[in-house]
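*Asks:* Sharing model.cif here; it has mmCIF, C-alpha atoms and all ligand atoms.
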```cif
data_coords
loop_
_atom_site.label_atom_id
_atom_site.label_comp_id
_atom_site.auth_asym_id
_atom_site.auth_seq_id
_atom_site.Cartn_x
_atom_site.Cartn_y
_atom_site.Cartn_z
CA MET U 1 0.00 0.00 0.00
CA ASP U 2 1.32 3.44 -0.88
CA ASP U 3 1.82 5.68 2.09
CA ILE U 4 -0.90 8.08 1.05
CA ASN U 5 -3.32 10.06 3.13
CA TYR U 6 -6.33 9.15 1.06
CA ARG U 7 -9.31 11.47 0.74
CA GLY U 8 -12.89 10.35 0.32
CA ALA U 9 -14.89 11.07 -2.86
CA ASP U 10 -16.22 14.61 -3.37
CA CYS U 11 -19.72 13.36 -4.20
CA ILE U 12 -20.30 12.20 -0.59
CA ARG U 13 -22.32 14.49 1.67
CA ARG U 14 -22.25 13.60 5.35
CA TYR U 15 -24.80 14.62 7.93
CA LYS U 16 -23.32 17.01 10.45
CA GLU U 17 -23.81 14.75 13.45
CA PRO U 18 -24.35 11.02 13.95
CA VAL U 19 -28.02 10.07 13.49
CA LEU U 20 -28.07 7.74 16.53
CA THR U 21 -25.84 7.48 19.59
CA CYS U 22 -26.08 5.81 23.00
CA ASP U 23 -27.67 9.03 24.33
CA ASP U 24 -30.79 8.17 22.30
CA ILE U 25 -31.14 4.67 23.73
CA PRO U 26 -33.67 4.15 26.57
CA TYR U 27 -31.83 1.09 27.99
CA ALA U 28 -28.25 0.23 28.95
CA SER U 29 -26.06 1.36 26.08
CA ASN U 30 -22.54 2.57 25.46
CA LEU U 31 -21.93 1.89 21.78
CA THR U 32 -24.67 2.22 19.15
CA PHE U 33 -23.31 1.30 15.73
CA ASN U 34 -23.16 -0.97 12.65
CA GLY U 35 -26.92 -0.79 12.01
CA GLY U 36 -28.75 -2.29 9.04
CA VAL U 37 -31.50 -0.11 7.55
CA ILE U 38 -34.38 -0.86 5.17
CA ARG U 39 -37.47 0.96 3.94
CA VAL U 40 -40.84 -0.56 4.75
CA GLY U 41 -43.45 1.47 2.88
CA ASP U 42 -42.86 5.08 3.90
CA GLU U 43 -41.01 4.15 7.04
CA TYR U 44 -37.31 3.48 7.59
CA ILE U 45 -36.45 0.62 9.96
CA MET U 46 -33.07 0.24 11.61
CA LEU U 47 -31.71 -2.76 13.50
CA PHE U 48 -28.60 -1.60 15.29
CA ARG U 49 -25.88 -3.14 17.38
CA ASN U 50 -25.95 -2.08 21.01
CA ASP U 51 -22.94 -2.86 23.21
CA TRP U 52 -23.27 -2.12 26.90
CA GLY U 53 -21.10 -2.27 30.02
CA CYS U 54 -18.24 -0.79 28.02
CA SER U 55 -18.11 2.96 28.70
CA GLU U 56 -14.86 4.85 28.44
CA GLN U 57 -14.52 4.52 32.20
CA ASP U 58 -15.24 0.78 32.10
CA MET U 59 -12.51 0.48 29.49
CA ALA U 60 -10.05 2.49 31.57
CA GLU U 61 -10.76 0.20 34.51
CA GLY U 62 -9.99 -2.90 32.44
CA CYS U 63 -13.25 -3.43 30.53
CA ASN U 64 -16.48 -4.45 32.08
CA PHE U 65 -18.11 -5.53 28.80
CA LYS U 66 -21.57 -6.95 29.62
CA GLY U 67 -22.99 -7.79 26.27
CA THR U 68 -24.37 -7.02 22.85
CA ASN U 69 -28.01 -6.89 21.90
CA ILE U 70 -29.92 -5.57 18.91
CA GLY U 71 -32.11 -2.49 19.08
CA LEU U 72 -34.88 -1.35 16.74
CA ALA U 73 -35.43 2.24 15.62
CA ARG U 74 -38.04 3.67 13.28
CA SER U 75 -38.00 6.86 11.28
CA LYS U 76 -40.22 8.81 8.90
CA ASP U 77 -37.32 10.56 7.19
CA GLY U 78 -34.37 8.21 7.78
CA VAL U 79 -32.62 10.90 9.80
CA LYS U 80 -34.54 11.31 13.08
CA TRP U 81 -35.09 7.99 14.83
CA ASP U 82 -37.48 6.73 17.52
CA VAL U 83 -35.99 3.86 19.45
CA GLU U 84 -38.23 1.10 20.83
CA PRO U 85 -38.15 0.89 24.65
CA GLU U 86 -36.41 -2.52 24.82
CA PRO U 87 -33.86 -4.32 22.67
CA VAL U 88 -35.56 -6.66 20.18
CA PHE U 89 -32.98 -9.44 19.97
CA ASP U 90 -30.30 -10.98 22.16
CA LEU U 91 -29.19 -14.31 20.75
CA LYS U 92 -26.99 -15.17 23.71
CA ALA U 93 -29.88 -14.74 26.14
CA LEU U 94 -31.89 -17.36 24.20
CA HIS U 95 -29.37 -20.06 25.21
CA ILE U 96 -29.55 -21.96 21.97
CA GLY U 97 -26.65 -24.39 21.94
CA GLU U 98 -23.45 -22.47 22.24
CA TYR U 99 -24.53 -19.49 20.15
CA GLY U 100 -23.19 -16.29 21.68
CA ARG U 101 -23.95 -12.79 20.58
CA ALA U 102 -25.33 -11.82 17.18
CA TYR U 103 -24.16 -8.46 15.82
CA ASP U 104 -23.66 -6.23 12.75
CA PRO U 105 -27.12 -6.78 11.14
CA ARG U 106 -27.64 -6.34 7.39
CA ILE U 107 -31.24 -6.44 6.15
CA THR U 108 -32.59 -7.61 2.77
CA TYR U 109 -36.21 -7.88 1.62
CA ILE U 110 -37.07 -10.61 -0.90
CA ASP U 111 -40.54 -11.77 -1.95
CA GLY U 112 -42.39 -10.72 1.17
CA THR U 113 -39.75 -11.75 3.73
CA TYR U 114 -37.05 -9.83 5.59
CA TYR U 115 -33.73 -11.61 5.96
CA VAL U 116 -31.16 -10.38 8.44
CA CYS U 117 -27.53 -11.48 8.31
CA PHE U 118 -25.69 -11.33 11.61
CA ALA U 119 -22.19 -12.22 12.67
CA VAL U 120 -22.64 -14.94 15.30
CA ASP U 121 -19.99 -15.86 17.87
CA THR U 122 -19.53 -19.32 19.37
CA ARG U 123 -16.77 -20.90 21.42
CA HIS U 124 -15.66 -22.56 18.20
CA GLY U 125 -15.43 -19.54 15.97
CA ILE U 126 -17.31 -16.74 14.23
CA HIS U 127 -20.12 -17.60 11.84
CA GLY U 128 -22.37 -15.90 9.33
CA GLY U 129 -25.96 -16.41 10.43
CA ILE U 130 -29.08 -15.78 8.33
CA PHE U 131 -32.32 -15.07 10.18
CA ARG U 132 -35.85 -14.53 8.90
CA THR U 133 -38.26 -12.01 10.40
CA ASP U 134 -41.72 -10.64 9.60
CA ASP U 135 -41.94 -8.05 12.36
CA PHE U 136 -38.34 -7.20 13.41
CA HIS U 137 -39.11 -8.62 16.87
CA HIS U 138 -38.97 -12.36 16.25
CA PHE U 139 -36.03 -13.84 14.42
CA GLU U 140 -35.89 -17.39 13.13
CA MET U 141 -32.41 -18.76 12.51
CA ILE U 142 -32.42 -20.46 9.12
CA SER U 143 -28.76 -20.92 8.28
CA VAL U 144 -25.44 -20.67 10.08
CA SER U 145 -22.12 -21.06 8.26
CA THR U 146 -19.07 -22.94 9.43
CA PRO U 147 -16.40 -20.76 11.06
CA ASP U 148 -14.73 -18.45 10.34
CA ASN U 149 -16.95 -16.31 8.17
CA ARG U 150 -18.99 -13.11 8.57
CA ASN U 151 -20.06 -9.82 6.96
CA MET U 152 -22.70 -11.57 4.88
CA VAL U 153 -25.00 -9.46 2.72
CA ILE U 154 -27.83 -10.90 0.63
CA PHE U 155 -28.80 -9.61 -2.83
CA PRO U 156 -32.40 -8.33 -2.98
CA GLU U 157 -33.56 -10.84 -5.62
CA LYS U 158 -32.74 -14.32 -6.89
CA ILE U 159 -30.22 -14.38 -9.73
CA ASN U 160 -30.53 -17.21 -12.25
CA GLY U 161 -32.85 -19.03 -9.85
CA ASN U 162 -30.68 -18.84 -6.73
CA TYR U 163 -30.36 -16.58 -3.71
CA VAL U 164 -26.94 -14.93 -3.67
CA ARG U 165 -24.82 -13.55 -0.86
CA LEU U 166 -21.44 -11.85 -0.47
CA GLU U 167 -19.37 -13.05 2.46
CA ARG U 168 -15.97 -12.82 4.06
CA PRO U 169 -14.23 -16.01 5.13
CA MET U 170 -11.28 -15.54 7.50
CA GLN U 171 -8.61 -17.99 6.39
CA MET U 172 -6.05 -17.05 9.02
CA TYR U 173 -4.16 -20.38 8.74
CA SER U 174 -3.59 -20.35 5.01
CA SER U 175 -2.76 -16.64 4.93
CA GLY U 176 0.18 -17.27 7.23
CA GLY U 177 -1.42 -15.83 10.36
CA LYS U 178 -2.16 -12.53 8.60
CA CYS U 179 -5.64 -11.03 8.27
CA HIS U 180 -5.46 -10.98 4.49
CA PHE U 181 -9.14 -11.64 3.91
CA ASP U 182 -11.16 -11.26 0.71
CA ILE U 183 -14.76 -10.97 -0.52
CA TRP U 184 -16.47 -14.14 -1.72
CA LEU U 185 -19.89 -15.02 -3.14
CA SER U 186 -22.11 -18.08 -2.60
CA GLU U 187 -25.46 -19.17 -4.00
CA SER U 188 -28.37 -21.06 -2.49
CA PRO U 189 -31.61 -22.54 -3.83
CA ASP U 190 -33.40 -22.11 -0.50
CA MET U 191 -31.41 -19.71 1.77
CA VAL U 192 -30.31 -22.74 3.87
CA TYR U 193 -27.79 -24.67 1.75
CA TRP U 194 -25.03 -22.50 0.28
CA GLY U 195 -22.46 -23.40 -2.37
CA LYS U 196 -20.99 -22.55 -5.79
CA SER U 197 -18.65 -20.32 -3.75
CA ARG U 198 -16.22 -18.14 -5.67
CA LEU U 199 -13.90 -15.21 -5.15
CA VAL U 200 -15.20 -11.74 -5.96
CA LEU U 201 -12.41 -9.40 -4.87
CA GLY U 202 -9.00 -10.15 -3.37
CA HIS U 203 -7.76 -7.70 -0.72
CA GLU U 204 -4.48 -7.27 -2.66
CA LYS U 205 -6.34 -5.51 -5.48
CA VAL U 206 -7.45 -2.70 -3.19
CA LEU U 207 -4.79 0.00 -3.13
CA PHE U 208 -5.97 1.47 0.16
CA CYS U 209 -5.83 -1.90 1.98
CA ASN U 210 -2.86 -3.60 3.61
CA ASP U 211 -4.91 -5.95 5.78
CA LYS U 212 -8.44 -7.18 4.95
CA ILE U 213 -11.63 -6.25 3.12
CA GLY U 214 -15.25 -7.34 3.66
CA PRO U 215 -18.73 -6.80 2.17
CA GLY U 216 -20.53 -3.76 3.50
CA ALA U 217 -24.17 -3.39 2.50
CA PRO U 218 -26.70 -5.46 0.55
CA PRO U 219 -26.23 -4.45 -3.11
CA ILE U 220 -28.54 -2.06 -4.95
CA LYS U 221 -29.65 -2.95 -8.48
CA THR U 222 -28.84 -0.29 -11.07
CA GLU U 223 -28.96 -0.33 -14.88
CA LYS U 224 -25.17 -0.64 -14.95
CA GLY U 225 -24.80 -3.45 -12.40
CA TRP U 226 -25.10 -4.29 -8.72
CA LEU U 227 -23.73 -1.35 -6.75
CA THR U 228 -22.19 -2.35 -3.45
CA LEU U 229 -19.98 -1.06 -0.65
CA PHE U 230 -17.13 -2.80 1.12
CA HIS U 231 -14.93 -1.96 4.07
CA SER U 232 -11.17 -1.94 3.72
CA VAL U 233 -8.64 -1.99 6.53
CA ASP U 234 -5.12 -0.62 6.70
CA VAL U 235 -2.95 -1.14 9.75
CA ASP U 236 -0.26 1.25 10.90
CA PRO U 237 1.79 0.05 13.91
CA GLU U 238 2.52 3.70 14.78
CA ARG U 239 -1.12 4.43 15.57
CA GLY U 240 -1.09 3.31 19.24
CA LYS U 241 -3.96 4.62 21.39
CA ASN U 242 -6.70 5.77 19.10
CA GLY U 243 -9.99 5.83 21.01
CA TRP U 244 -11.02 4.36 24.36
CA GLU U 245 -9.12 1.18 23.67
CA LYS U 246 -5.50 0.90 24.71
CA HIS U 247 -4.27 0.20 21.21
CA TRP U 248 -6.15 0.60 17.95
CA ARG U 249 -3.90 0.53 14.95
CA LYS U 250 -6.44 -0.02 12.21
CA ARG U 251 -8.26 2.37 9.92
CA TYR U 252 -11.49 1.27 8.20
CA CYS U 253 -12.31 3.07 4.94
CA ILE U 254 -15.28 2.43 2.64
CA GLY U 255 -14.83 1.27 -0.95
CA ILE U 256 -17.41 0.95 -3.74
CA MET U 257 -17.75 -1.41 -6.70
CA LEU U 258 -20.14 -2.52 -9.40
CA LEU U 259 -20.86 -6.23 -9.99
CA ASP U 260 -22.18 -7.91 -13.12
CA LEU U 261 -25.99 -8.15 -13.09
CA ASN U 262 -26.03 -11.71 -14.38
CA ASP U 263 -22.95 -13.07 -12.55
CA PRO U 264 -22.24 -10.84 -9.54
CA SER U 265 -18.97 -12.64 -8.78
CA ILE U 266 -17.55 -10.52 -11.64
CA VAL U 267 -16.42 -7.01 -10.70
CA ILE U 268 -17.18 -4.78 -13.68
CA GLY U 269 -16.14 -1.50 -12.07
CA ARG U 270 -14.50 -0.33 -8.88
CA SER U 271 -13.24 2.94 -7.50
CA GLU U 272 -9.44 2.83 -7.11
CA THR U 273 -9.65 5.33 -4.27
CA PRO U 274 -11.87 5.09 -1.17
CA LEU U 275 -15.44 6.33 -1.27
CA MET U 276 -15.13 7.43 2.34
CA VAL U 277 -12.16 7.91 4.64
CA PRO U 278 -12.57 8.76 8.34
CA GLU U 279 -12.49 12.53 8.44
CA ALA U 280 -15.54 13.93 10.28
CA PRO U 281 -14.90 14.89 13.95
CA TYR U 282 -17.12 12.03 15.21
CA GLU U 283 -15.22 9.53 13.03
CA ILE U 284 -11.72 10.45 14.12
CA ASP U 285 -12.19 11.47 17.74
CA GLY U 286 -14.13 10.61 20.88
CA GLY U 287 -15.11 7.04 19.98
CA PHE U 288 -14.22 3.55 21.09
CA ARG U 289 -12.12 2.72 18.02
CA ASN U 290 -11.50 5.92 16.13
CA ASN U 291 -11.00 5.94 12.36
CA THR U 292 -13.42 3.06 11.82
CA LEU U 293 -16.15 3.38 9.16
CA PHE U 294 -18.27 0.24 8.93
CA PRO U 295 -21.14 0.37 6.39
CA CYS U 296 -24.11 -1.97 6.86
CA ALA U 297 -26.76 -0.36 4.62
CA MET U 298 -27.05 1.47 1.31
CA ILE U 299 -30.64 2.26 0.27
CA ARG U 300 -32.58 4.50 -2.06
CA ASP U 301 -34.32 7.56 -0.62
CA ALA U 302 -38.11 7.09 -0.40
CA LYS U 303 -38.99 10.27 -2.31
CA ASP U 304 -35.97 10.60 -4.57
CA PRO U 305 -34.82 7.11 -5.68
CA GLY U 306 -31.70 8.48 -7.40
CA LEU U 307 -30.46 9.63 -4.01
CA ILE U 308 -28.52 6.90 -2.22
CA ARG U 309 -28.22 6.83 1.54
CA ILE U 310 -25.27 5.17 3.20
CA TYR U 311 -25.66 4.16 6.84
CA TYR U 312 -22.48 3.28 8.64
CA GLY U 313 -21.05 2.79 12.09
CA ALA U 314 -18.34 5.29 13.01
CA ALA U 315 -15.59 4.77 15.61
CA ASP U 316 -17.47 1.62 16.75
CA ALA U 317 -19.61 4.04 18.73
CA PHE U 318 -22.15 5.94 16.58
CA MET U 319 -24.62 5.46 13.70
CA CYS U 320 -23.97 7.88 10.88
CA LEU U 321 -25.44 8.82 7.52
CA ALA U 322 -24.00 10.08 4.25
CA GLU U 323 -25.61 10.57 0.84
CA ALA U 324 -24.63 10.66 -2.82
CA ARG U 325 -26.39 10.50 -6.17
CA GLU U 326 -26.58 7.14 -7.91
CA GLU U 327 -24.95 8.44 -11.11
CA GLU U 328 -22.05 9.92 -9.14
CA LEU U 329 -21.41 6.60 -7.40
CA ILE U 330 -21.56 4.69 -10.68
CA ALA U 331 -19.20 7.18 -12.31
CA LEU U 332 -16.64 6.50 -9.56
CA CYS U 333 -16.78 2.77 -10.33
CA THR U 334 -16.50 3.09 -14.07
CA LYS U 335 -13.52 5.45 -14.22
CA THR U 336 -10.95 2.64 -14.31
CA GLU U 337 -10.96 -0.52 -16.42
CA GLN U 338 -11.00 -3.76 -14.42
C1 LIG V 1 -14.86 -5.90 12.61
C2 LIG V 1 -16.19 -6.24 13.24
C3 LIG V 1 -17.03 -5.00 13.36
C4 LIG V 1 -16.27 -3.83 13.95
C5 LIG V 1 -14.92 -3.67 13.27
C6 LIG V 1 -14.05 -2.61 13.90
O1 LIG V 1 -13.98 -6.97 12.57
O2 LIG V 1 -15.98 -6.79 14.51
O3 LIG V 1 -18.12 -5.30 14.19
O4 LIG V 1 -17.00 -2.65 13.77
O5 LIG V 1 -14.22 -4.90 13.34
O6 LIG V 1 -13.80 -2.88 15.26
#
```
Go ahead and render the structure in this file as structure tokens.
Ligand code: BMA

*Replies:*
Amino acid sequence: MDDINYRGADCIRRYKEPVLTCDDIPYASNLTFNGGVIRVGDEYIMLFRNDWGCSEQDMAEGCNFKGTNIGLARSKDGVKWDVEPEPVFDLKALHIGEYGRAYDPRITYIDGTYYVCFAVDTRHGIHGGIFRTDDFHHFEMISVSTPDNRNMVIFPEKINGNYVRLERPMQMYSSGGKCHFDIWLSESPDMVYWGKSRLVLGHEKVLFCNDKIGPGAPPIKTEKGWLTLFHSVDVDPERGKNGWEKHWRKRYCIGIMLLDLNDPSIVIGRSETPLMVPEAPYEIDGGFRNNTLFPCAMIRDAKDPGLIRIYYGAADAFMCLAEAREEELIALCTKTEQ
């Protein structure tokens, strides 16, 4: 990776402040981030990750982390959110086998059903879990991958008869102990059995990555291809303390690419430079892990479908929103030949 202080794309317009923080949460909460968002009729629905028992003071005293649950927020405009009085999901509390917490939700609607992908922890590794819900209060587990895999996002329609997902296996052993992880794709006839797995994008192709990449948000269909976000990590050993944590040496940027409509394992366009780099005050300062942008949703605006909203966790502490026009995002991806 070149030693460059990358800038984000000019077409991105951020909201001034995070759209949801722990101050908005009516139950125990310290970190409110990595939320999936979808439109249901005229309403926007957000499932967000809520970590508690991990305030800055808790961290200073040696971490008192109590748990992760999932909260639900609703909004008329996608900017101001009303949070339900209780968390809606806590996988660990259900005591199903050895399943621990579920986190980082990504929501897709297909043929009358909402599917939510979570990362799921167990004593034997990290898994990608797919859950079905009709009401965002009850979640039925329908598929859990083998470890280690996560960051799954499901395409909003079947392609050539199969459901399709992007995913991020974590092959630590065969990458020599390094986190050199890539984006993969798998297909399924029924959302339960997944196969035909193939590589979509290797981390080494991303100029602003020296560590790992992973899928970000369920893709949006456009005339030019499937538009999708990914996160990309670079590590700098000089970074040291960089948030509440003792050491945080990573930076998470957001990349964007366009996948073939008929075979989305083929990248047909990709921005060589990051779409977003941590630069707003709430992204680079005052959080748990500063300089972390983690997108979980990219959706069309209800009134202006050409306007794309990007919801992302910042500093592993806040839910944030940025916007850009569809044609501007596509132009970024089609500048360079693949
Ligand atoms: C990833 C996931 C995310 C988190 C990010 C930065 O590996 O655990 O939930 O936001 O790291 O800490």

*Asks:* Excluding segment 257-267 of chain U and residues on its chain fewer than 6 positions from it, collect all residues at most 7 Å away from it, counting all atoms listed in the file, and give them as number ranges by chain.

*Replies:* U: 159, 185, 198-200, 225-229, 333

*Asks:* When distances are computed from only C-alpha atoms and all ligand atoms, which of U:Asp134, U:Asp316, U:Glu223, U:Glu84 shows the smallest separation from ligand LIG 1 (chain V)?

*Replies:*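 Ranked by minimum distance to ligand LIG 1 (chain V), first place goes to U:Asp316.
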
*Asks:* Produce as a PyMOL selection string the set of residues near ligand LIG 1 (chain V), where near means within 8 Å with all atoms listed in the file considered.

*Replies:* chain U and resi 33-34+103-104+252+289+292-294+313+315-316

*Asks:* For Lys92 of chain U, work out the shell of residues within 9 Å, counting only C-alpha atoms and skipping chain neighbours fewer than 6 positions away, then give it as a ChimeraX atom specification.

*Replies:* /U:67-69,98-102

*Asks:* Identify the residues within 7 Å of coordinate (-33.3, 0.8, 18.4) (same frame as the file), considering only C-alpha atoms, and give the answer as a ChimeraX atom specification.

*Replies:* /U:25,46-48,71-73,83-84,87

*Asks:* What is the atom CA of Phe139 of chain U-atom CA of Ile126 of chain U distance in Å, reported with one decimal?

*Replies:*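 Computing the Euclidean distance for atom CA of Phe139 of chain U and atom CA of Ile126 of chain U yields 18.9 Å.
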
*Asks:* What are the nearest atom pairs, with distances in Å to one decimal, for all residues of segment 141-238 of chain U that come at most 8 Å from segment 272-284 of chain U, using all atoms listed in the file, set out by chain and rising residue number as JSON lines?

*Replies:*
```
{"residue": "U:Val206", "atom": "CA", "partner": "U:Glu272", "partner_atom": "CA", "distance": 7.1}
{"residue": "U:Leu207", "atom": "CA", "partner": "U:Glu272", "partner_atom": "CA", "distance": 6.7}
{"residue": "U:Phe208", "atom": "CA", "partner": "U:Thr273", "partner_atom": "CA", "distance": 6.9}
```

*Asks:* Work out how far atom CA of Ser75 of chain U is from atom CA of Asp42 of chain U, in Å to one decimal.

*Replies:* 9.0 Å

*Asks:* When you count all atoms listed in the file, which of these residues is closest to Gly125 of chain U: U:Met172, U:Ile256, U:Ile107, U:Met141?

*Replies:* U:Met172

*Asks:* Rounded to one decimal, what separation in Å do you get between atom CA of Val235 of chain U and atom CA of Ile154 of chain U?

*Replies:*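 About the pair atom CA of Val235 of chain U and atom CA of Ile154 of chain U: they are 28.2 Å apart.
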
*Asks:* Looking at U:Gly41, U:Gly35, U:Gly97, U:Gly195, which one is nearest to Cys117 of chain U, with distances taken over only C-alpha atoms?

*Replies:*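 Ranked by minimum distance to Cys117 of chain U, first place goes to U:Gly35.
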
*Asks:* Here is a test: counting all atoms listed in the file, which residue of U:Ala9, U:Cys320, U:Met191, U:Ala93 is nearest to Gly129 of chain U?

*Replies:* U:Met191

*Asks:* Under the rule that only C-alpha atoms are counted, which of U:Thr133, U:Asn50, U:Ser55, U:Ser271 is the nearest residue to Phe288 of chain U?

*Replies:*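 Smallest separation from Phe288 of chain U among the options: U:Ser55.
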
*Asks:* Taking 3 positions as the minimum chain separation for residues in the same chain, which residues sit within 6 Å of Arg150 of chain U when counting all atoms listed in the file? Answer as number ranges by chain.

*Replies:* U: 119, 127-128, 168

*Asks:* Please, could you write that set of residues out with C-alpha atoms as a short mmCIF file (atom, residue, chain, number, x, y, z; two decimals), in the coordinates of the input?

*Replies:*
```cif
data_model
loop_
_atom_site.label_atom_id
_atom_site.label_comp_id
_atom_site.auth_asym_id
_atom_site.auth_seq_id
_atom_site.Cartn_x
_atom_site.Cartn_y
_atom_site.Cartn_z
CA ALA U 119 -22.19 -12.22 12.67
CA HIS U 127 -20.12 -17.60 11.84
CA GLY U 128 -22.37 -15.90 9.33
CA ARG U 168 -15.97 -12.82 4.06
#
```
